[in-house]
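Asker: Coordinates in final_6.tsv, TSV, C-alpha atoms, are listed below.
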```
chain	number	residue	atom	x	y	z
W	1	MET	CA	94.90	76.10	82.98
W	2	LEU	CA	97.35	78.85	83.94
W	3	SER	CA	98.29	81.41	81.30
W	4	ALA	CA	101.92	82.24	80.65
W	5	GLN	CA	101.51	85.44	82.67
W	6	GLU	CA	99.95	83.54	85.57
W	7	ARG	CA	102.77	81.01	85.55
W	8	ALA	CA	105.26	83.86	85.72
W	9	GLN	CA	103.39	85.30	88.73
W	10	VAL	CA	103.41	81.90	90.46
W	11	ALA	CA	107.14	81.49	89.80
W	12	GLN	CA	107.83	85.03	91.04
W	13	VAL	CA	106.05	84.37	94.33
W	14	TRP	CA	107.78	81.01	94.72
W	15	ASP	CA	111.20	82.70	94.35
W	16	LEU	CA	110.35	84.66	97.50
W	17	ILE	CA	109.35	81.52	99.42
W	18	ALA	CA	112.10	79.15	98.21
W	19	GLY	CA	114.67	78.57	100.91
W	20	HIS	CA	112.17	79.57	103.61
W	21	GLU	CA	109.74	76.67	103.25
W	22	ALA	CA	109.87	75.80	106.96
W	23	ALA	CA	109.16	79.32	108.19
W	24	PHE	CA	106.36	79.96	105.69
W	25	GLY	CA	104.91	76.51	106.30
W	26	ALA	CA	104.99	76.91	110.07
W	27	GLU	CA	103.21	80.27	109.87
W	28	LEU	CA	100.69	78.82	107.43
W	29	LEU	CA	99.84	75.99	109.83
W	30	LEU	CA	99.75	78.29	112.85
W	31	ARG	CA	97.28	80.56	111.08
W	32	LEU	CA	95.21	77.59	109.93
W	33	PHE	CA	94.96	76.17	113.45
W	34	THR	CA	94.34	79.57	115.07
W	35	VAL	CA	91.70	80.80	112.62
W	36	TYR	CA	90.06	77.45	111.84
W	37	PRO	CA	90.53	75.25	114.93
W	38	SER	CA	88.53	72.36	113.45
W	39	THR	CA	91.40	71.76	111.01
W	40	LYS	CA	93.47	70.50	113.93
W	41	THR	CA	91.43	67.30	113.81
W	42	TYR	CA	93.55	66.27	110.82
W	43	PHE	CA	96.80	66.63	112.75
W	44	PRO	CA	96.37	64.51	115.90
W	45	HIS	CA	100.06	63.65	115.76
W	46	LEU	CA	100.86	67.30	116.45
W	47	GLY	CA	99.01	67.15	119.76
W	48	PRO	CA	96.46	69.68	121.10
W	49	CYS	CA	99.02	72.46	120.91
W	50	ALA	CA	101.71	71.97	118.27
W	51	ASP	CA	105.12	73.29	119.27
W	52	GLU	CA	107.35	75.33	117.03
W	53	ALA	CA	109.56	72.41	116.01
W	54	GLN	CA	106.56	70.38	114.88
W	55	LEU	CA	105.08	73.30	112.95
W	56	LEU	CA	108.40	73.96	111.23
W	57	SER	CA	108.85	70.30	110.34
W	58	HIS	CA	105.37	69.71	109.00
W	59	GLY	CA	105.15	73.17	107.48
W	60	ARG	CA	108.34	72.56	105.53
W	61	ARG	CA	107.00	69.27	104.19
W	62	MET	CA	103.82	70.95	102.98
W	63	LEU	CA	105.62	73.87	101.35
W	64	GLU	CA	108.13	71.54	99.68
W	65	ALA	CA	105.15	69.80	98.09
W	66	VAL	CA	103.89	73.20	96.89
W	67	GLY	CA	107.35	73.71	95.43
W	68	VAL	CA	107.03	70.45	93.52
W	69	ALA	CA	103.73	71.68	92.14
W	70	VAL	CA	105.33	74.97	91.06
W	71	GLN	CA	108.04	73.07	89.14
W	72	HIS	CA	105.43	70.95	87.35
W	73	LEU	CA	102.69	73.36	86.37
W	74	ASP	CA	102.38	71.50	83.07
W	75	ASN	CA	101.63	68.21	84.70
W	76	LEU	CA	100.31	68.58	88.22
W	77	ARG	CA	98.54	65.22	88.17
W	78	ALA	CA	101.70	63.21	87.53
W	79	ALA	CA	103.83	65.25	89.91
W	80	LEU	CA	101.31	65.07	92.74
W	81	ARG	CA	100.16	61.48	92.21
W	82	PRO	CA	101.67	60.12	95.44
W	83	LEU	CA	100.14	62.97	97.43
W	84	ALA	CA	96.78	62.54	95.71
W	85	ASP	CA	96.84	58.84	96.66
W	86	LEU	CA	97.81	59.71	100.23
W	87	HIS	CA	94.95	62.19	100.58
W	88	ALA	CA	92.41	59.82	99.01
W	89	GLN	CA	93.37	56.67	100.88
W	90	VAL	CA	94.87	57.77	104.17
W	91	LEU	CA	94.34	61.42	105.06
W	92	ARG	CA	90.85	61.89	103.57
W	93	VAL	CA	90.80	65.59	104.43
W	94	ASP	CA	87.32	66.89	103.69
W	95	PRO	CA	87.59	68.99	100.52
W	96	SER	CA	85.95	71.97	102.26
W	97	ASN	CA	89.20	72.47	104.20
W	98	PHE	CA	91.36	73.31	101.21
W	99	PRO	CA	89.84	76.80	100.71
W	100	LEU	CA	90.60	77.47	104.38
W	101	LEU	CA	94.26	76.56	103.85
W	102	ILE	CA	94.34	78.65	100.66
W	103	GLN	CA	92.94	81.69	102.50
W	104	CYS	CA	95.65	81.35	105.16
W	105	PHE	CA	98.28	80.99	102.43
W	106	GLN	CA	97.10	84.26	100.84
W	107	VAL	CA	97.26	85.99	104.21
W	108	VAL	CA	100.82	84.75	104.79
W	109	LEU	CA	101.84	86.06	101.37
W	110	ALA	CA	100.02	89.37	101.83
W	111	SER	CA	101.52	90.03	105.27
W	112	HIS	CA	105.05	89.21	104.14
W	113	LEU	CA	105.03	90.79	100.68
W	114	GLN	CA	102.74	93.77	101.46
W	115	ASP	CA	103.17	96.30	98.64
W	116	GLU	CA	104.74	93.64	96.44
W	117	PHE	CA	101.62	91.47	96.77
W	118	THR	CA	99.94	92.68	93.61
W	119	VAL	CA	96.41	91.76	92.63
W	120	GLU	CA	97.83	89.77	89.70
W	121	MET	CA	99.89	87.70	92.14
W	122	GLN	CA	96.90	87.11	94.37
W	123	ALA	CA	94.76	86.01	91.42
W	124	ALA	CA	97.41	83.70	89.94
W	125	TRP	CA	98.30	82.15	93.29
W	126	ASP	CA	94.66	81.56	94.19
W	127	LYS	CA	94.06	79.88	90.84
W	128	PHE	CA	97.21	77.78	91.21
W	129	LEU	CA	96.49	76.59	94.77
W	130	THR	CA	92.88	75.82	93.86
W	131	GLY	CA	94.20	73.68	91.00
W	132	VAL	CA	96.49	71.83	93.40
W	133	ALA	CA	93.56	71.21	95.76
W	134	VAL	CA	91.50	69.81	92.88
W	135	VAL	CA	94.28	67.35	92.02
W	136	LEU	CA	94.73	66.30	95.65
W	137	THR	CA	91.01	65.51	96.08
W	138	GLU	CA	90.32	64.12	92.61
W	139	LYS	CA	90.70	60.45	93.58
W	140	TYR	CA	88.45	60.67	96.62
W	141	ARG	CA	85.74	58.72	94.76
R	142	MET	CA	75.98	87.15	116.70
R	143	VAL	CA	79.78	87.02	116.72
R	144	HIS	CA	81.52	85.80	119.81
R	145	LEU	CA	84.77	87.65	120.18
R	146	THR	CA	86.88	87.53	123.31
R	147	ALA	CA	87.79	90.81	124.96
R	148	GLU	CA	91.26	90.49	123.46
R	149	GLU	CA	89.82	89.95	119.98
R	150	LYS	CA	87.47	92.94	120.28
R	151	SER	CA	90.40	95.07	121.34
R	152	LEU	CA	92.52	93.85	118.39
R	153	VAL	CA	89.72	94.50	115.92
R	154	SER	CA	88.96	98.05	117.06
R	155	SER	CA	92.55	99.14	117.55
R	156	MET	CA	93.51	97.94	114.06
R	157	TRP	CA	90.40	99.37	112.45
R	158	GLY	CA	91.30	102.78	113.83
R	159	LYS	CA	94.38	102.71	111.60
R	160	VAL	CA	92.54	101.67	108.45
R	161	ASN	CA	91.80	104.11	105.63
R	162	VAL	CA	88.28	102.80	105.18
R	163	ASP	CA	87.64	104.54	101.89
R	164	GLU	CA	90.80	103.22	100.21
R	165	VAL	CA	90.65	99.72	101.64
R	166	GLY	CA	87.06	99.41	100.40
R	167	GLY	CA	88.04	100.16	96.81
R	168	GLU	CA	91.03	97.84	97.01
R	169	ALA	CA	89.02	94.95	98.47
R	170	LEU	CA	86.24	95.26	95.90
R	171	GLY	CA	88.75	95.60	93.07
R	172	ARG	CA	90.66	92.51	94.17
R	173	LEU	CA	87.40	90.56	94.49
R	174	LEU	CA	86.47	91.41	90.90
R	175	ILE	CA	89.87	90.28	89.61
R	176	VAL	CA	90.62	87.23	91.74
R	177	TYR	CA	87.05	85.94	91.37
R	178	PRO	CA	86.03	87.41	88.01
R	179	TRP	CA	82.57	85.84	88.04
R	180	THR	CA	81.67	88.40	90.71
R	181	GLN	CA	81.73	90.98	87.92
R	182	ARG	CA	78.26	89.72	87.00
R	183	PHE	CA	76.75	92.26	89.41
R	184	PHE	CA	78.57	95.22	87.98
R	185	ASP	CA	77.71	95.43	84.27
R	186	SER	CA	77.07	99.15	84.65
R	187	PHE	CA	80.54	99.86	86.04
R	188	GLY	CA	82.23	100.24	82.66
R	189	ASN	CA	85.70	98.93	81.91
R	190	LEU	CA	86.59	95.88	84.02
R	191	SER	CA	88.64	94.17	81.34
R	192	THR	CA	92.07	94.23	82.99
R	193	PRO	CA	93.40	94.36	86.56
R	194	ASP	CA	94.60	97.92	85.98
R	195	ALA	CA	91.21	98.93	84.60
R	196	VAL	CA	89.41	97.45	87.61
R	197	MET	CA	91.72	98.88	90.27
R	198	SER	CA	91.54	102.38	88.76
R	199	ASN	CA	87.81	102.27	87.97
R	200	ALA	CA	86.08	105.20	89.71
R	201	LYS	CA	82.81	103.30	90.19
R	202	VAL	CA	84.63	100.38	91.79
R	203	LYS	CA	86.36	102.73	94.20
R	204	ALA	CA	83.14	104.56	95.03
R	205	HIS	CA	81.21	101.36	95.59
R	206	GLY	CA	84.03	99.80	97.61
R	207	LYS	CA	84.01	102.88	99.81
R	208	LYS	CA	80.25	102.55	100.35
R	209	VAL	CA	80.49	98.85	101.16
R	210	LEU	CA	83.31	99.29	103.63
R	211	ASN	CA	81.70	102.22	105.41
R	212	SER	CA	78.71	99.98	105.93
R	213	PHE	CA	81.00	97.23	107.23
R	214	SER	CA	82.51	99.81	109.56
R	215	ASP	CA	79.06	100.42	111.06
R	216	GLY	CA	78.84	96.71	111.70
R	217	LEU	CA	82.05	96.84	113.69
R	218	LYS	CA	80.37	99.25	116.11
R	219	ASN	CA	77.54	96.75	116.63
R	220	LEU	CA	79.21	93.37	116.89
R	221	ASP	CA	76.54	92.27	119.36
R	222	ASN	CA	73.75	92.89	116.90
R	223	LEU	CA	75.00	92.29	113.38
R	224	LYS	CA	71.72	90.73	112.27
R	225	GLY	CA	69.78	93.83	113.31
R	226	THR	CA	72.37	96.21	111.87
R	227	PHE	CA	72.35	94.53	108.46
R	228	ALA	CA	68.66	93.52	108.28
R	229	LYS	CA	67.68	96.13	105.71
R	230	LEU	CA	70.80	95.54	103.61
R	231	SER	CA	70.10	91.82	103.75
R	232	GLU	CA	66.64	92.35	102.32
R	233	LEU	CA	68.06	94.61	99.64
R	234	HIS	CA	70.70	92.09	98.57
R	235	CYS	CA	68.10	89.35	98.36
R	236	ASP	CA	65.08	91.10	96.88
R	237	LYS	CA	66.59	93.77	94.65
R	238	LEU	CA	70.21	92.87	94.00
R	239	HIS	CA	69.84	89.05	93.89
R	240	VAL	CA	73.33	88.44	95.24
R	241	ASP	CA	74.31	84.89	96.17
R	242	PRO	CA	75.42	85.11	99.84
R	243	GLU	CA	78.52	83.14	98.91
R	244	ASN	CA	79.81	86.44	97.54
R	245	PHE	CA	79.77	87.99	101.02
R	246	LYS	CA	82.18	85.29	102.19
R	247	LEU	CA	84.45	85.87	99.20
R	248	LEU	CA	84.57	89.62	99.82
R	249	GLY	CA	85.18	89.05	103.53
R	250	ASN	CA	88.17	86.84	102.74
R	251	VAL	CA	89.58	89.35	100.27
R	252	LEU	CA	89.17	92.11	102.87
R	253	VAL	CA	91.20	90.04	105.34
R	254	CYS	CA	93.95	89.69	102.70
R	255	VAL	CA	93.93	93.45	102.11
R	256	LEU	CA	94.26	94.09	105.85
R	257	ALA	CA	97.16	91.59	105.99
R	258	ARG	CA	98.82	93.49	103.16
R	259	HIS	CA	98.47	96.81	104.97
R	260	PHE	CA	99.47	95.67	108.42
R	261	GLY	CA	102.17	93.14	107.50
R	262	ARG	CA	103.61	91.27	110.49
R	263	GLU	CA	101.27	93.18	112.81
R	264	PHE	CA	98.45	91.12	111.27
R	265	THR	CA	99.18	88.18	113.54
R	266	PRO	CA	97.32	84.84	113.50
R	267	LEU	CA	95.23	86.16	116.41
R	268	ALA	CA	94.36	89.33	114.50
R	269	GLN	CA	93.44	87.25	111.47
R	270	ALA	CA	91.28	84.95	113.60
R	271	ALA	CA	89.44	87.92	115.07
R	272	TYR	CA	88.82	89.52	111.68
R	273	GLN	CA	87.78	86.24	110.05
R	274	LYS	CA	85.17	85.89	112.80
R	275	VAL	CA	83.93	89.41	112.10
R	276	VAL	CA	83.69	89.00	108.32
R	277	ALA	CA	81.94	85.65	108.78
R	278	GLY	CA	79.48	87.31	111.16
R	279	VAL	CA	78.78	90.12	108.72
R	280	ALA	CA	78.32	87.62	105.86
R	281	ASN	CA	75.84	85.64	107.95
R	282	ALA	CA	73.97	88.79	108.93
R	283	LEU	CA	73.70	89.83	105.29
R	284	ALA	CA	72.31	86.42	104.40
R	285	HIS	CA	69.94	86.27	107.36
R	286	LYS	CA	66.88	87.81	105.69
R	287	TYR	CA	67.10	85.77	102.51
R	288	HIS	CA	63.95	83.92	101.61
```
For this file, produce the structure as C-alpha coordinates.

Answerer:
Amino acid sequence: MLSAQERAQVAQVWDLIAGHEAAFGAELLLRLFTVYPSTKTYFPHLGPCADEAQLLSHGRRMLEAVGVAVQHLDNLRAALRPLADLHAQVLRVDPSNFPLLIQCFQVVLASHLQDEFTVEMQAAWDKFLTGVAVVLTEKYR
Amino acid sequence: MVHLTAEEKSLVSSMWGKVNVDEVGGEALGRLLIVYPWTQRFFDSFGNLSTPDAVMSNAKVKAHGKKVLNSFSDGLKNLDNLKGTFAKLSELHCDKLHVDPENFKLLGNVLVCVLARHFGREFTPLAQAAYQKVVAGVANALAHKYH
(Lines of atoms letter the chains of each structure in order from A and count residues from 1; the text may use other names and numbers.)
(Lines give C-alpha, C1' and ligand atoms only; values in the text may rest on other atoms or scores of the structure.)
Protein backbone atom coordinates (compact mmCIF):
# COMPACT_ATOMS: atom_id res chain seq x y z
CA MET A 1 0.00 0.00 0.00
CA LEU A 2 2.72 2.49 0.95
CA SER A 3 5.63 2.95 -1.44
CA ALA A 4 9.19 2.82 -0.15
CA GLN A 5 9.33 6.62 -0.26
CA GLU A 6 6.08 6.92 1.68
CA ARG A 7 7.33 4.50 4.32
CA ALA A 8 10.45 6.61 4.70
CA GLN A 9 8.27 9.72 5.18
CA VAL A 10 6.17 7.93 7.81
CA ALA A 11 9.30 6.77 9.64
CA GLN A 12 10.80 10.27 9.46
CA VAL A 13 7.71 11.82 11.05
CA TRP A 14 7.57 9.10 13.70
CA ASP A 15 11.19 9.85 14.69
CA LEU A 16 10.00 13.34 15.64
CA ILE A 17 7.10 11.99 17.72
CA ALA A 18 8.85 9.05 19.41
CA GLY A 19 9.57 9.79 23.04
CA HIS A 20 6.83 12.44 23.11
CA GLU A 21 3.82 10.18 22.65
CA ALA A 22 2.02 11.55 25.72
CA ALA A 23 2.38 15.21 24.73
CA PHE A 24 1.42 14.65 21.10
CA GLY A 25 -1.43 12.37 22.11
CA ALA A 26 -2.78 14.82 24.67
CA GLU A 27 -2.75 17.66 22.14
CA LEU A 28 -4.37 15.40 19.55
CA LEU A 29 -7.22 14.57 21.93
CA LEU A 30 -7.61 18.16 23.07
CA ARG A 31 -7.94 19.30 19.47
CA LEU A 32 -10.36 16.49 18.69
CA PHE A 33 -12.61 17.36 21.63
CA THR A 34 -12.40 21.13 21.03
CA VAL A 35 -13.00 21.06 17.27
CA TYR A 36 -15.39 18.08 17.15
CA PRO A 37 -17.20 18.00 20.52
CA SER A 38 -19.40 15.04 19.50
CA THR A 39 -16.30 12.81 19.66
CA LYS A 40 -16.35 13.20 23.44
CA THR A 41 -19.27 10.78 23.49
CA TYR A 42 -16.74 7.98 23.01
CA PHE A 43 -14.76 8.97 26.09
CA PRO A 44 -17.29 9.09 28.95
CA HIS A 45 -14.60 7.86 31.32
CA LEU A 46 -12.74 11.13 30.77
CA GLY A 47 -15.68 13.12 32.12
CA PRO A 48 -17.25 16.24 30.57
CA CYS A 49 -13.96 18.09 30.76
CA ALA A 50 -10.88 15.86 30.64
CA ASP A 51 -7.99 17.09 32.76
CA GLU A 52 -4.41 17.20 31.61
CA ALA A 53 -3.40 13.98 33.35
CA GLN A 54 -6.19 12.05 31.66
CA LEU A 55 -5.39 13.51 28.24
CA LEU A 56 -1.71 12.66 28.66
CA SER A 57 -2.48 9.12 29.78
CA HIS A 58 -4.98 8.31 27.08
CA GLY A 59 -3.11 10.29 24.46
CA ARG A 60 0.04 8.29 25.15
CA ARG A 61 -1.84 5.02 24.78
CA MET A 62 -3.22 6.09 21.41
CA LEU A 63 0.12 7.32 20.09
CA GLU A 64 1.88 4.17 21.30
CA ALA A 65 -0.58 2.21 19.17
CA VAL A 66 0.30 4.45 16.21
CA GLY A 67 3.93 3.61 16.94
CA VAL A 68 3.12 -0.09 16.74
CA ALA A 69 1.52 0.53 13.37
CA VAL A 70 4.62 2.41 12.17
CA GLN A 71 6.83 -0.57 13.14
CA HIS A 72 4.59 -2.99 11.24
CA LEU A 73 3.77 -1.25 7.99
CA ASP A 74 4.13 -4.61 6.23
CA ASN A 75 1.49 -6.27 8.31
CA LEU A 76 -0.90 -3.80 9.90
CA ARG A 77 -3.69 -6.35 10.23
CA ALA A 78 -1.69 -8.74 12.40
CA ALA A 79 -0.12 -5.98 14.47
CA LEU A 80 -3.42 -4.21 15.11
CA ARG A 81 -5.61 -7.29 15.55
CA PRO A 82 -6.28 -6.75 19.27
CA LEU A 83 -7.19 -3.11 18.64
CA ALA A 84 -9.36 -4.04 15.66
CA ASP A 85 -11.23 -6.51 17.89
CA LEU A 86 -11.58 -3.89 20.62
CA HIS A 87 -13.02 -1.33 18.22
CA ALA A 88 -15.40 -3.84 16.62
CA GLN A 89 -16.70 -5.46 19.79
CA VAL A 90 -16.40 -2.88 22.53
CA LEU A 91 -15.70 0.66 21.36
CA ARG A 92 -17.71 0.63 18.11
CA VAL A 93 -16.59 4.13 17.18
CA ASP A 94 -18.56 5.19 14.12
CA PRO A 95 -16.16 5.07 11.17
CA SER A 96 -16.99 8.68 10.25
CA ASN A 97 -14.96 9.80 13.28
CA PHE A 98 -11.62 8.52 12.04
CA PRO A 99 -11.19 11.26 9.39
CA LEU A 100 -11.83 13.79 12.16
CA LEU A 101 -9.02 12.31 14.25
CA ILE A 102 -6.77 12.19 11.18
CA GLN A 103 -7.42 15.88 10.44
CA CYS A 104 -6.47 16.78 14.02
CA PHE A 105 -3.35 14.62 13.73
CA GLN A 106 -2.29 16.52 10.59
CA VAL A 107 -2.86 19.83 12.36
CA VAL A 108 -0.73 18.71 15.32
CA LEU A 109 2.06 17.71 12.94
CA ALA A 110 1.76 20.89 10.87
CA SER A 111 1.81 23.20 13.90
CA HIS A 112 4.81 21.46 15.46
CA LEU A 113 6.88 20.78 12.35
CA GLN A 114 5.94 23.92 10.36
CA ASP A 115 8.50 24.33 7.56
CA GLU A 116 9.59 20.73 8.00
CA PHE A 117 6.03 19.53 7.33
CA THR A 118 6.48 18.92 3.63
CA VAL A 119 3.65 18.04 1.29
CA GLU A 120 5.20 14.58 0.84
CA MET A 121 5.00 14.03 4.60
CA GLN A 122 1.41 15.19 4.71
CA ALA A 123 0.45 12.88 1.85
CA ALA A 124 2.26 9.84 3.26
CA TRP A 125 0.95 10.37 6.78
CA ASP A 126 -2.62 10.85 5.58
CA LYS A 127 -2.40 7.65 3.54
CA PHE A 128 -0.86 5.76 6.47
CA LEU A 129 -3.42 6.90 9.07
CA THR A 130 -6.28 6.20 6.67
CA GLY A 131 -4.90 2.67 6.28
CA VAL A 132 -4.81 2.25 10.05
CA ALA A 133 -8.42 3.44 10.30
CA VAL A 134 -9.47 0.92 7.65
CA VAL A 135 -7.87 -1.91 9.64
CA LEU A 136 -9.45 -0.75 12.91
CA THR A 137 -12.97 -0.70 11.41
CA GLU A 138 -12.66 -3.72 9.11
CA LYS A 139 -14.26 -6.20 11.52
CA TYR A 140 -17.27 -4.03 12.30
CA ARG A 141 -19.49 -6.33 10.23
CA MET B 1 -24.83 30.46 8.56
CA VAL B 2 -21.81 29.90 10.80
CA HIS B 3 -22.19 30.45 14.50
CA LEU B 4 -18.95 31.77 15.86
CA THR B 5 -18.59 33.19 19.34
CA ALA B 6 -17.19 36.69 19.68
CA GLU B 7 -13.89 35.15 20.74
CA GLU B 8 -13.82 32.91 17.67
CA LYS B 9 -14.62 35.80 15.31
CA SER B 10 -11.81 37.78 16.87
CA LEU B 11 -9.37 34.85 16.50
CA VAL B 12 -10.34 34.32 12.86
CA SER B 13 -9.97 37.95 11.78
CA SER B 14 -6.81 38.68 13.74
CA MET B 15 -5.08 35.60 12.31
CA TRP B 16 -6.34 36.23 8.80
CA GLY B 17 -4.78 39.68 8.89
CA LYS B 18 -1.38 37.98 9.10
CA VAL B 19 -2.00 35.57 6.24
CA ASN B 20 -0.41 36.04 2.82
CA VAL B 21 -3.62 35.15 1.02
CA ASP B 22 -2.05 34.77 -2.40
CA GLU B 23 0.66 32.36 -1.24
CA VAL B 24 -1.50 30.34 1.12
CA GLY B 25 -4.01 29.82 -1.69
CA GLY B 26 -1.41 28.27 -3.97
CA GLU B 27 -0.03 26.14 -1.18
CA ALA B 28 -3.46 24.86 -0.11
CA LEU B 29 -4.52 23.99 -3.65
CA GLY B 30 -1.16 22.35 -4.35
CA ARG B 31 -1.35 20.23 -1.22
CA LEU B 32 -4.92 19.22 -2.06
CA LEU B 33 -3.83 17.98 -5.49
CA ILE B 34 -1.00 15.92 -4.00
CA VAL B 35 -2.53 14.55 -0.80
CA TYR B 36 -5.80 13.72 -2.58
CA PRO B 37 -4.62 13.14 -6.15
CA TRP B 38 -8.09 12.30 -7.48
CA THR B 39 -8.88 16.01 -7.14
CA GLN B 40 -6.61 16.52 -10.14
CA ARG B 41 -9.55 15.40 -12.27
CA PHE B 42 -10.74 19.01 -12.46
CA PHE B 43 -7.44 20.39 -13.65
CA ASP B 44 -6.51 18.56 -16.86
CA SER B 45 -5.65 21.88 -18.48
CA PHE B 46 -3.13 22.82 -15.80
CA GLY B 47 -0.19 21.00 -17.38
CA ASN B 48 2.39 19.09 -15.39
CA LEU B 49 0.97 17.70 -12.14
CA SER B 50 3.04 14.54 -12.16
CA THR B 51 5.17 15.10 -9.05
CA PRO B 52 4.81 17.07 -5.81
CA ASP B 53 7.49 19.50 -6.99
CA ALA B 54 5.73 19.95 -10.33
CA VAL B 55 2.41 20.67 -8.61
CA MET B 56 3.77 23.06 -5.99
CA SER B 57 5.69 25.08 -8.60
CA ASN B 58 2.95 24.99 -11.25
CA ALA B 59 2.03 28.58 -12.21
CA LYS B 60 -1.60 27.71 -12.96
CA VAL B 61 -2.00 26.01 -9.59
CA LYS B 62 -0.62 29.09 -7.85
CA ALA B 63 -2.84 31.44 -9.85
CA HIS B 64 -5.95 29.39 -9.25
CA GLY B 65 -5.14 28.93 -5.57
CA LYS B 66 -4.81 32.68 -5.28
CA LYS B 67 -8.22 33.17 -6.91
CA VAL B 68 -9.89 30.60 -4.68
CA LEU B 69 -8.45 32.01 -1.49
CA ASN B 70 -9.29 35.61 -2.35
CA SER B 71 -12.85 34.45 -2.78
CA PHE B 72 -12.67 32.66 0.58
CA SER B 73 -11.35 35.90 2.04
CA ASP B 74 -14.52 37.67 0.88
CA GLY B 75 -16.49 35.04 2.74
CA LEU B 76 -14.66 35.89 5.93
CA LYS B 77 -16.04 39.43 5.70
CA ASN B 78 -19.58 38.03 5.47
CA LEU B 79 -19.73 35.23 8.00
CA ASP B 80 -23.38 36.06 8.67
CA ASN B 81 -24.36 35.51 5.07
CA LEU B 82 -22.13 32.87 3.53
CA LYS B 83 -24.96 31.36 1.51
CA GLY B 84 -25.69 34.71 -0.14
CA THR B 85 -22.02 35.52 -0.65
CA PHE B 86 -21.30 32.22 -2.40
CA ALA B 87 -24.63 31.74 -4.22
CA LYS B 88 -23.28 32.53 -7.67
CA LEU B 89 -20.12 30.47 -7.14
CA SER B 90 -22.28 27.61 -5.92
CA GLU B 91 -24.27 27.65 -9.13
CA LEU B 92 -21.07 27.79 -11.15
CA HIS B 93 -19.52 24.82 -9.36
CA CYS B 94 -22.67 22.78 -9.88
CA ASP B 95 -23.78 23.73 -13.38
CA LYS B 96 -20.53 24.46 -15.18
CA LEU B 97 -17.69 22.91 -13.20
CA HIS B 98 -19.52 19.78 -11.93
CA VAL B 99 -17.50 19.63 -8.72
CA ASP B 100 -18.56 17.15 -6.04
CA PRO B 101 -19.11 19.28 -2.89
CA GLU B 102 -17.01 16.77 -0.97
CA ASN B 103 -14.03 18.52 -2.55
CA PHE B 104 -14.88 21.77 -0.74
CA LYS B 105 -14.53 19.94 2.57
CA LEU B 106 -11.20 18.44 1.52
CA LEU B 107 -9.82 21.83 0.49
CA GLY B 108 -11.10 23.39 3.70
CA ASN B 109 -9.27 20.79 5.76
CA VAL B 110 -6.06 21.26 3.78
CA LEU B 111 -6.34 25.03 4.27
CA VAL B 112 -6.57 24.50 8.03
CA CYS B 113 -3.39 22.38 7.88
CA VAL B 114 -1.61 25.11 5.91
CA LEU B 115 -2.64 27.71 8.49
CA ALA B 116 -1.37 25.41 11.27
CA ARG B 117 1.93 25.14 9.44
CA HIS B 118 2.26 28.91 9.16
CA PHE B 119 1.17 29.83 12.65
CA GLY B 120 2.70 26.92 14.58
CA ARG B 121 1.85 26.92 18.29
CA GLU B 122 -0.23 30.07 17.81
CA PHE B 123 -2.72 27.87 15.95
CA THR B 124 -4.29 26.67 19.18
CA PRO B 125 -7.15 24.16 19.46
CA LEU B 126 -9.52 27.14 19.79
CA ALA B 127 -8.12 28.74 16.64
CA GLN B 128 -8.46 25.44 14.81
CA ALA B 129 -12.04 25.04 16.03
CA ALA B 130 -12.92 28.52 14.80
CA TYR B 131 -11.36 27.97 11.38
CA GLN B 132 -12.87 24.50 10.97
CA LYS B 133 -16.27 26.10 11.57
CA VAL B 134 -15.54 28.71 8.92
CA VAL B 135 -14.33 26.26 6.27
CA ALA B 136 -17.32 24.01 6.97
CA GLY B 137 -19.62 27.01 6.57
CA VAL B 138 -18.01 27.99 3.28
CA ALA B 139 -18.23 24.39 2.01
CA ASN B 140 -21.92 24.27 2.89
CA ALA B 141 -22.55 27.62 1.22
CA LEU B 142 -20.82 26.43 -1.95
CA ALA B 143 -22.98 23.31 -1.98
CA HIS B 144 -26.20 25.16 -1.17
CA LYS B 145 -27.35 25.84 -4.74
CA TYR B 146 -26.69 22.34 -6.04
CA HIS B 147 -29.63 20.71 -7.72

Asker: Compare R:Val240, R:Ile175, R:Asn199, R:Leu283 by their minimum atom-to-atom distance to Ala123 of chain W, counting only C-alpha atoms, and give me the closest one.

Answerer: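 So, comparing all the options, the nearest one is R:Ile175.
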
Asker: Ranking W:Ser3, W:Thr34, W:Leu63, W:Thr41 by minimum distance to Ala18 of chain W and counting all atoms listed in the file, which one comes first?

Answerer: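 Of all the options, W:Leu63 lies closest to Ala18 of chain W.
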
Asker: Would you pick out the contacts of Val276 of chain R at 8 Å or less, using all atoms listed in the file, so that residues sharing its chain but fewer than 6 positions from it are not included, and give the list as a list in words?

Answerer: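 Counting only the stated atoms, we get Lys246, Gly249 and Asn250 of chain R.
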
Asker: What's the 12 Å shell around Val196 of chain R, counting all atoms listed in the file, without same-chain residues fewer than 3 positions away, as a list in words?

Answerer: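 Listing them by chain and then by number gives Val119 and Glu120 of chain W; Gly167, Glu168, Ala169, Leu170, Gly171, Arg172, Leu173, Leu174, Ile175, Val176, Pro178, Gln181, Phe184, Phe187, Gly188, Asn189, Leu190, Ser191, Thr192, Pro193, Asn199, Ala200, Lys201, Val202, Lys203 and Gly206 of chain R.
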
Asker: With only C-alpha atoms considered, list every residue of chain R at most 7 Å from chain W, as an MDAnalysis selection string.

Answerer: chainID R and resid 172 175:176 254 257:262 264 266:267 269:270

Asker: Just how far from atom CA of Gln12 of chain W is atom CA of Val70 of chain W, in Å to one decimal?

Answerer: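 So the answer is 10.4 Å.
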
Asker: If you count only C-alpha atoms, which residues fall within 12 Å of His234 of chain R, apart from same-chain ones fewer than 3 positions away, as a list in words?

Answerer: Phe183, Phe227, Ala228, Lys229, Leu230, Ser231, Lys237, Leu238, His239, Val240, Asp241, Pro242, Glu243, Asn244, Phe245, Ala280, Ala282, Leu283, Ala284, His285, Lys286, Tyr287 and His288 of chain R

Asker: Could you jot down the atom CA of Lys150 of chain R to atom CA of Lys207 of chain R separation for me, Å, one decimal place?

Answerer: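 These atoms are spaced 23.0 Å apart.
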
Asker: So, with all atoms listed in the file as the atoms that count, which of W:Val93, W:Ala23, W:Leu80, W:Val66 lies closest to Leu129 of chain W?

Answerer: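 Ranking W:Val93, W:Ala23, W:Leu80, W:Val66 by distance to Leu129 of chain W, first place goes to W:Val66.
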
Asker: Find the residues around Val134 of chain W up to 12 Å (all atoms listed in the file counted), leave out those fewer than 6 positions away in its own chain, and share them as a count of residues only.

Answerer: 16

Asker: What separation in Å, quoted to one decimal, exists between atom CA of Val251 of chain R and atom CA of His144 of chain R?

Answerer: 21.4 Å

Asker: Check the smallest atom-to-atom distance from each of R:Val153, R:Cys235, R:Ala271, R:Ala277 to Ser214 of chain R using all atoms listed in the file, then report the winner.

Answerer: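 Nearest to Ser214 of chain R: R:Val153.
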
Asker: Can you tell me which residues surround Gly67 of chain W at a distance of at most 10 Å, considering only C-alpha atoms, apart from same-chain residues fewer than 6 positions away, and format the answer as an mmCIF file with C-alpha atoms, keeping the file's coordinate frame?

Answerer:
```cif
data_model
loop_
_atom_site.group_PDB
_atom_site.id
_atom_site.type_symbol
_atom_site.label_atom_id
_atom_site.label_comp_id
_atom_site.auth_asym_id
_atom_site.auth_seq_id
_atom_site.Cartn_x
_atom_site.Cartn_y
_atom_site.Cartn_z
ATOM 1 C CA ALA W 11 107.140 81.490 89.800
ATOM 2 C CA TRP W 14 107.780 81.010 94.720
ATOM 3 C CA ASP W 15 111.200 82.700 94.350
ATOM 4 C CA ILE W 17 109.350 81.520 99.420
ATOM 5 C CA ALA W 18 112.100 79.150 98.210
ATOM 6 C CA GLU W 21 109.740 76.670 103.250
ATOM 7 C CA ARG W 61 107.000 69.270 104.190
#
```
